[in-house]
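One file, data20.cif, is given below (mmCIF, C-alpha atoms).
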```
data_start
loop_
_atom_site.group_PDB
_atom_site.id
_atom_site.type_symbol
_atom_site.label_atom_id
_atom_site.label_comp_id
_atom_site.auth_asym_id
_atom_site.auth_seq_id
_atom_site.Cartn_x
_atom_site.Cartn_y
_atom_site.Cartn_z
ATOM 1 C CA PRO J 248 132.310 99.681 98.829
ATOM 2 C CA VAL J 249 128.816 99.820 97.357
ATOM 3 C CA THR J 250 125.759 99.307 99.561
ATOM 4 C CA ILE J 251 122.943 97.215 98.098
ATOM 5 C CA ARG J 252 119.703 96.871 100.031
ATOM 6 C CA LEU J 253 117.711 93.675 99.690
ATOM 7 C CA LEU J 254 114.057 94.064 98.677
ATOM 8 C CA ALA J 255 112.197 96.319 101.113
ATOM 9 C CA PRO J 256 109.008 97.775 99.554
ATOM 10 C CA PRO J 257 105.545 96.353 100.341
ATOM 11 C CA LEU J 258 104.436 93.653 97.900
ATOM 12 C CA HIS J 259 101.696 95.763 96.309
ATOM 13 C CA GLU J 260 104.349 98.106 94.905
ATOM 14 C CA PHE J 261 105.550 95.306 92.634
ATOM 15 C CA LEU J 262 102.144 94.946 90.975
ATOM 16 C CA PRO J 263 101.444 96.957 87.817
ATOM 17 C CA ASP J 264 98.948 99.824 87.953
ATOM 18 C CA GLY J 265 95.702 99.664 86.038
ATOM 19 C CA ASP J 266 92.437 97.781 85.791
ATOM 20 C CA LEU J 267 92.334 94.643 87.968
ATOM 21 C CA ASP J 268 90.958 92.449 85.193
ATOM 22 C CA GLU J 269 93.769 93.553 82.873
ATOM 23 C CA ILE J 270 96.384 92.922 85.563
ATOM 24 C CA VAL J 271 94.998 89.436 86.246
ATOM 25 C CA ALA J 272 94.999 88.609 82.518
ATOM 26 C CA MET J 273 98.576 89.864 82.140
ATOM 27 C CA LEU J 274 99.851 87.935 85.170
ATOM 28 C CA SER J 275 98.052 84.814 83.994
ATOM 29 C CA ALA J 276 99.662 85.080 80.554
ATOM 30 C CA ASP J 277 103.126 85.725 82.046
ATOM 31 C CA THR J 278 103.037 82.914 84.620
ATOM 32 C CA GLY J 279 100.809 80.328 82.958
ATOM 33 C CA ALA J 280 98.585 80.290 86.050
ATOM 34 C CA ASP J 281 94.792 80.145 85.787
ATOM 35 C CA GLU J 282 93.149 83.582 86.209
ATOM 36 C CA HIS J 283 91.144 82.282 89.174
ATOM 37 C CA GLU J 284 94.409 81.250 90.864
ATOM 38 C CA VAL J 285 95.879 84.709 90.227
ATOM 39 C CA VAL J 286 92.861 86.415 91.827
ATOM 40 C CA GLU J 287 93.070 84.112 94.854
ATOM 41 C CA ARG J 288 96.778 84.869 95.210
ATOM 42 C CA ILE J 289 96.224 88.631 95.035
ATOM 43 C CA GLU J 290 93.478 88.407 97.666
ATOM 44 C CA LYS J 291 95.665 86.256 99.904
ATOM 45 C CA LEU J 292 98.546 88.747 99.759
ATOM 46 C CA ALA J 293 96.342 91.837 100.229
ATOM 47 C CA GLU J 294 97.189 93.856 103.351
ATOM 48 C CA ILE J 295 95.375 96.484 105.401
ATOM 49 C CA ASN J 296 98.584 98.325 106.317
ATOM 50 C CA PRO J 297 101.288 97.297 103.835
ATOM 51 C CA MET J 298 103.976 99.629 105.237
ATOM 52 C CA LEU J 299 103.884 97.696 108.512
ATOM 53 C CA GLY J 300 103.231 94.347 106.912
ATOM 54 C CA PHE J 301 104.824 91.828 104.599
ATOM 55 C CA ARG J 302 107.984 93.624 103.518
ATOM 56 C CA GLY J 303 111.718 93.856 104.172
ATOM 57 C CA CYS J 304 113.412 90.861 105.772
ATOM 58 C CA ARG J 305 109.987 89.325 106.482
ATOM 59 C CA LEU J 306 109.635 88.660 102.757
ATOM 60 C CA ALA J 307 113.005 86.910 102.425
ATOM 61 C CA ILE J 308 112.471 84.910 105.618
ATOM 62 C CA THR J 309 109.093 83.644 104.378
ATOM 63 C CA TYR J 310 110.297 83.110 100.802
ATOM 64 C CA PRO J 311 114.061 82.373 101.113
ATOM 65 C CA GLU J 312 114.365 81.909 97.357
ATOM 66 C CA ILE J 313 113.788 85.652 96.888
ATOM 67 C CA GLY J 314 116.677 86.521 99.189
ATOM 68 C CA ARG J 315 118.954 83.896 97.659
ATOM 69 C CA MET J 316 118.178 85.197 94.170
ATOM 70 C CA GLN J 317 119.198 88.749 95.128
ATOM 71 C CA VAL J 318 122.365 87.724 96.945
ATOM 72 C CA ARG J 319 123.405 85.459 94.070
ATOM 73 C CA ALA J 320 122.912 88.308 91.589
ATOM 74 C CA ILE J 321 124.979 90.703 93.731
ATOM 75 C CA LEU J 322 127.892 88.327 94.241
ATOM 76 C CA GLU J 323 127.960 86.932 90.704
ATOM 77 C CA ALA J 324 128.174 90.514 89.428
ATOM 78 C CA ALA J 325 130.934 91.311 91.936
ATOM 79 C CA VAL J 326 132.957 88.277 90.846
ATOM 80 C CA ALA J 327 132.560 89.280 87.182
ATOM 81 C CA VAL J 328 133.701 92.852 87.835
ATOM 82 C CA GLN J 329 136.643 91.633 89.912
ATOM 83 C CA ALA J 330 137.692 89.423 86.975
ATOM 84 C CA GLU J 331 138.020 92.637 84.948
ATOM 85 C CA GLY J 332 140.673 93.827 87.391
ATOM 86 C CA LYS J 333 138.471 96.170 89.405
ATOM 87 C CA VAL J 334 138.132 96.195 93.187
ATOM 88 C CA VAL J 335 134.562 95.926 94.417
ATOM 89 C CA ILE J 336 133.280 95.356 97.955
ATOM 90 C CA PRO J 337 129.516 94.765 98.160
ATOM 91 C CA ASP J 338 127.859 95.814 101.407
ATOM 92 C CA ILE J 339 124.707 93.684 101.526
ATOM 93 C CA MET J 340 122.052 95.407 103.623
ATOM 94 C CA VAL J 341 119.140 93.564 105.255
ATOM 95 C CA PRO J 342 116.074 95.836 105.619
ATOM 96 C CA LEU J 343 113.457 96.244 108.340
ATOM 97 C CA VAL J 344 115.138 94.139 111.014
ATOM 98 C CA GLY J 345 113.530 94.355 114.439
ATOM 99 C CA THR J 346 115.142 91.385 116.211
ATOM 100 C CA LEU J 347 118.568 89.775 116.332
ATOM 101 C CA GLU J 348 117.010 86.482 115.255
ATOM 102 C CA GLU J 349 115.754 87.999 111.992
ATOM 103 C CA LEU J 350 119.233 89.234 111.156
ATOM 104 C CA ARG J 351 120.814 85.897 112.111
ATOM 105 C CA ASP J 352 118.429 84.127 109.747
ATOM 106 C CA GLN J 353 119.320 86.429 106.871
ATOM 107 C CA THR J 354 123.050 86.406 107.633
ATOM 108 C CA ALA J 355 123.062 82.593 107.463
ATOM 109 C CA MET J 356 121.215 82.705 104.123
ATOM 110 C CA ILE J 357 123.661 85.251 102.695
ATOM 111 C CA ARG J 358 126.766 83.333 103.795
ATOM 112 C CA GLU J 359 125.362 80.033 102.522
ATOM 113 C CA THR J 360 124.558 81.584 99.129
ATOM 114 C CA ALA J 361 127.964 83.296 98.964
ATOM 115 C CA LYS J 362 129.731 79.995 99.599
ATOM 116 C CA ALA J 363 127.808 78.336 96.761
ATOM 117 C CA VAL J 364 128.516 81.181 94.322
ATOM 118 C CA PHE J 365 132.235 81.284 95.139
ATOM 119 C CA GLU J 366 132.554 77.525 94.707
ATOM 120 C CA GLU J 367 130.776 77.657 91.342
ATOM 121 C CA LYS J 368 132.835 80.588 90.064
ATOM 122 C CA GLY J 369 136.162 79.470 91.489
ATOM 123 C CA ALA J 370 136.725 82.963 92.885
ATOM 124 C CA GLU J 371 135.800 84.987 95.965
ATOM 125 C CA VAL J 372 135.136 88.633 96.723
ATOM 126 C CA ALA J 373 135.165 90.409 100.062
ATOM 127 C CA TYR J 374 131.707 91.465 101.220
ATOM 128 C CA ARG J 375 130.032 92.763 104.361
ATOM 129 C CA ILE J 376 126.604 92.198 105.853
ATOM 130 C CA GLY J 377 124.749 94.981 107.600
ATOM 131 C CA THR J 378 121.255 96.161 108.335
ATOM 132 C CA MET J 379 118.963 99.135 108.134
ATOM 133 C CA ILE J 380 117.870 100.501 111.496
ATOM 134 C CA GLU J 381 114.288 101.518 110.724
ATOM 135 C CA ILE J 382 112.365 100.111 113.674
ATOM 136 C CA PRO J 383 112.662 101.752 117.126
ATOM 137 C CA ARG J 384 113.188 98.343 118.746
ATOM 138 C CA ALA J 385 116.218 97.742 116.548
ATOM 139 C CA ALA J 386 117.682 101.098 117.603
ATOM 140 C CA LEU J 387 117.284 100.182 121.268
ATOM 141 C CA MET J 388 118.713 96.669 120.738
ATOM 142 C CA SER J 389 121.673 97.805 118.646
ATOM 143 C CA ASP J 390 124.241 96.290 121.012
ATOM 144 C CA GLN J 391 122.802 92.855 120.180
ATOM 145 C CA ILE J 392 122.248 93.524 116.479
ATOM 146 C CA ALA J 393 125.869 94.667 116.091
ATOM 147 C CA THR J 394 127.024 91.152 116.994
ATOM 148 C CA GLU J 395 125.851 90.174 113.480
ATOM 149 C CA ALA J 396 125.826 93.459 111.543
ATOM 150 C CA GLU J 397 129.080 94.886 110.201
ATOM 151 C CA PHE J 398 127.431 98.211 109.383
ATOM 152 C CA PHE J 399 124.257 100.163 110.161
ATOM 153 C CA SER J 400 122.289 102.429 107.874
ATOM 154 C CA PHE J 401 119.493 104.389 109.517
ATOM 155 C CA GLY J 402 116.414 104.370 107.314
ATOM 156 C CA THR J 403 115.212 107.713 108.623
ATOM 157 C CA ASN J 404 112.014 107.754 106.555
ATOM 158 C CA ASP J 405 110.674 104.577 108.165
ATOM 159 C CA LEU J 406 112.264 105.334 111.547
ATOM 160 C CA THR J 407 110.423 108.673 111.604
ATOM 161 C CA GLN J 408 107.170 107.003 110.540
ATOM 162 C CA MET J 409 107.352 104.362 113.251
ATOM 163 C CA THR J 410 108.561 106.699 116.002
ATOM 164 C CA PHE J 411 105.819 109.279 115.451
ATOM 165 C CA GLY J 412 103.177 106.744 114.405
ATOM 166 C CA TYR J 413 102.532 108.863 111.298
ATOM 167 C CA SER J 414 101.768 107.088 108.035
ATOM 168 C CA ARG J 415 103.842 108.664 105.269
ATOM 169 C CA ASP J 416 100.971 107.960 102.877
ATOM 170 C CA ASP J 417 98.392 109.793 104.997
ATOM 171 C CA VAL J 418 100.333 112.460 106.907
ATOM 172 C CA SER J 419 99.441 115.145 104.347
ATOM 173 C CA LYS J 420 95.849 115.087 105.632
ATOM 174 C CA PHE J 421 96.774 116.665 108.979
ATOM 175 C CA LEU J 422 100.370 117.884 108.673
ATOM 176 C CA PRO J 423 99.446 121.321 107.228
ATOM 177 C CA THR J 424 97.248 121.964 110.284
ATOM 178 C CA TYR J 425 100.034 120.846 112.632
ATOM 179 C CA LEU J 426 102.517 123.176 110.957
ATOM 180 C CA GLU J 427 100.073 126.096 110.824
ATOM 181 C CA ARG J 428 99.185 125.791 114.516
ATOM 182 C CA GLY J 429 102.781 125.246 115.627
ATOM 183 C CA ILE J 430 102.221 121.720 116.907
ATOM 184 C CA LEU J 431 105.189 120.751 114.728
ATOM 185 C CA LYS J 432 107.871 123.229 113.690
ATOM 186 C CA HIS J 433 108.892 121.237 110.602
ATOM 187 C CA ASP J 434 107.722 118.363 108.459
ATOM 188 C CA PRO J 435 109.481 115.472 110.287
ATOM 189 C CA PHE J 436 109.897 113.602 107.003
ATOM 190 C CA GLN J 437 111.978 116.478 105.599
ATOM 191 C CA VAL J 438 113.788 117.802 108.694
ATOM 192 C CA LEU J 439 114.993 115.264 111.268
ATOM 193 C CA ASP J 440 113.268 115.290 114.649
ATOM 194 C CA GLN J 441 116.526 115.560 116.600
ATOM 195 C CA ALA J 442 114.877 115.344 120.033
ATOM 196 C CA GLY J 443 113.037 112.069 119.411
ATOM 197 C CA VAL J 444 114.223 110.230 116.307
ATOM 198 C CA GLY J 445 117.665 111.773 116.813
ATOM 199 C CA GLN J 446 117.834 110.342 120.307
ATOM 200 C CA LEU J 447 117.143 106.870 118.931
ATOM 201 C CA ILE J 448 119.919 107.319 116.364
ATOM 202 C CA GLU J 449 122.397 108.527 118.988
ATOM 203 C CA THR J 450 121.515 105.637 121.312
ATOM 204 C CA SER J 451 121.850 103.127 118.492
ATOM 205 C CA VAL J 452 125.277 104.429 117.447
ATOM 206 C CA GLN J 453 126.568 104.311 121.011
ATOM 207 C CA ARG J 454 125.250 100.819 121.697
ATOM 208 C CA GLY J 455 126.285 99.429 118.322
ATOM 209 C CA ARG J 456 129.852 100.711 118.606
ATOM 210 C CA ALA J 457 130.096 99.494 122.192
ATOM 211 C CA THR J 458 129.751 95.999 120.712
ATOM 212 C CA ARG J 459 131.649 96.614 117.460
ATOM 213 C CA PRO J 460 133.943 99.681 117.709
ATOM 214 C CA GLU J 461 134.703 99.700 113.965
ATOM 215 C CA LEU J 462 130.988 99.700 113.025
ATOM 216 C CA LYS J 463 130.327 101.801 109.902
ATOM 217 C CA VAL J 464 127.218 103.939 110.407
ATOM 218 C CA GLY J 465 125.278 106.149 108.017
ATOM 219 C CA ILE J 466 121.770 107.200 107.068
ATOM 220 C CA CYS J 467 119.572 106.610 104.043
ATOM 221 C CA GLY J 468 116.582 108.890 103.589
ATOM 222 C CA GLU J 469 115.407 112.337 102.581
ATOM 223 C CA HIS J 470 117.006 113.741 105.730
ATOM 224 C CA GLY J 471 120.377 113.097 104.094
ATOM 225 C CA GLY J 472 119.762 116.175 101.949
ATOM 226 C CA ASP J 473 118.618 118.526 104.715
ATOM 227 C CA PRO J 474 121.408 120.828 106.024
ATOM 228 C CA SER J 475 120.311 120.875 109.688
ATOM 229 C CA SER J 476 119.932 117.090 109.689
ATOM 230 C CA VAL J 477 123.345 116.591 108.054
ATOM 231 C CA ASP J 478 124.889 118.788 110.749
ATOM 232 C CA PHE J 479 123.278 116.588 113.413
ATOM 233 C CA PHE J 480 124.597 113.406 111.780
ATOM 234 C CA HIS J 481 128.096 114.888 111.661
ATOM 235 C CA ARG J 482 127.991 115.805 115.343
ATOM 236 C CA LYS J 483 126.844 112.285 116.222
ATOM 237 C CA ASP J 484 129.850 110.795 114.398
ATOM 238 C CA LEU J 485 128.071 109.108 111.495
ATOM 239 C CA ASP J 486 130.284 108.122 108.571
ATOM 240 C CA TYR J 487 128.085 109.069 105.620
ATOM 241 C CA VAL J 488 124.679 110.234 104.423
ATOM 242 C CA SER J 489 122.699 108.963 101.445
ATOM 243 C CA CYS J 490 119.737 110.679 99.800
ATOM 244 C CA SER J 491 117.815 111.169 96.558
ATOM 245 C CA PRO J 492 120.023 112.133 93.584
ATOM 246 C CA PHE J 493 118.593 115.660 93.286
ATOM 247 C CA ARG J 494 119.546 116.346 96.924
ATOM 248 C CA VAL J 495 123.189 115.244 96.558
ATOM 249 C CA PRO J 496 124.617 118.760 95.824
ATOM 250 C CA ILE J 497 122.897 120.157 98.934
ATOM 251 C CA ALA J 498 124.069 117.181 101.006
ATOM 252 C CA ARG J 499 127.705 117.654 99.919
ATOM 253 C CA LEU J 500 127.614 121.358 100.717
ATOM 254 C CA ALA J 501 125.923 120.713 104.080
ATOM 255 C CA ALA J 502 128.522 118.045 104.952
ATOM 256 C CA ALA J 503 131.364 120.476 104.200
ATOM 257 C CA GLN J 504 129.725 123.190 106.314
ATOM 258 C CA ALA J 505 129.172 120.739 109.177
ATOM 259 C CA ALA J 506 132.843 119.729 109.112
ATOM 260 C CA LEU J 507 133.952 123.363 109.224
ATOM 261 C CA ASN J 508 131.455 124.402 111.910
ATOM 262 C CA ASN J 509 132.247 121.505 114.213
#
```
Rewritten as structure tokens:
Amino acid sequence: PVTIRLLAPPLHEFLPDGDLDEIVAMLSADTGADEHEVVERIEKLAEINPMLGFRGCRLAITYPEIGRMQVRAILEAAVAVQAEGKVVIPDIMVPLVGTLEELRDQTAMIRETAKAVFEEKGAEVAYRIGTMIEIPRAALMSDQIATEAEFFSFGTNDLTQMTFGYSRDDVSKFLPTYLERGILKHDPFQVLDQAGVGQLIETSVQRGRATRPELKVGICGEHGGDPSSVDFFHRKDLDYVSCSPFRVPIARLAAAQAALNN
């Protein structure tokens, strides 16, 4: 299986960097839209707190064509690879779900798109639909969410941000003081807060598997490369960890040590 997350970043991250006038001119040339229209659109989509705003499944629910485009690309590629004699199982992951209704909406879109692709191509591939658990509410409601999700992946970066109420973009302004004065023992974005965020993960796993015993569960975040965090995930019966490429060697070593120690 290969896990593919649908678009999750805030919209502003898709805009090019640089002078606003240059960006407007470039977007106008690319889209054929009037520059005044481009400016109005940028102003309309501007957000005060993008990390808690128009991103994740909210984007695909509001603009279904974006979600359909991604799902079509994933499944058309899977069908093409399968035609070459290779086995591929896409795990399509819906990000930033906070309610069962959001996931139901996206699951229906994915299945509808899959049906259309398979009919067009005259072939089918097996696939699974799951979600990232990044919002504390989703962790607490995991028994309901597991009625739709076939797998969970804990987005520990966002889950830490929302549990502590710390903005990842601004935490550097006060974190050094917190660490120096012993208010925090570790940077919670590097070393998992096992007492708080860890409790949400443990609760979510228990409730999710109470609904769906075969539920595949893992994590995606920088914590996947931290040895103490990997040990915690092993003890809580998670199936895998995922992290940045440069952390993979550490993660593999930590996973082996966790298996031996436990």
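Using only C-alpha atoms, the nearest neighbour of Val328 in chain J within the list J:Ala501, J:Val372, J:Met340, J:Ile270 is J:Val372.
Proximity to range 360-368 of chain J at 9 Å, evaluated using all atoms listed in the file and with sequence-adjacent residues fewer than 5 positions away removed, yields Arg315, Met316, Val318, Arg319, Leu322, Glu323, Val326 and Ala355 of chain J.
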Original post:
Which value, in Å to one decimal, gives the distance between CA of Asn509 in chain J and CA of Ser475 in chain J?
Top reply: 12.8 Å
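Closest to Arg375 in chain J among J:Ile357, J:Val444, J:Val438, J:Leu254 is J:Ile357, based on only C-alpha atoms.
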How big is the axis-aligned box around all listed atoms of range 394-404 of chain J once 4 Å goes on each side, and where's its centre, in Å to one decimal, as AutoDock Vina command-line options?
```
--center_x 120.5 --center_y 99.0 --center_z 111.8 --size_x 25.1 --size_y 25.6 --size_z 18.4
```
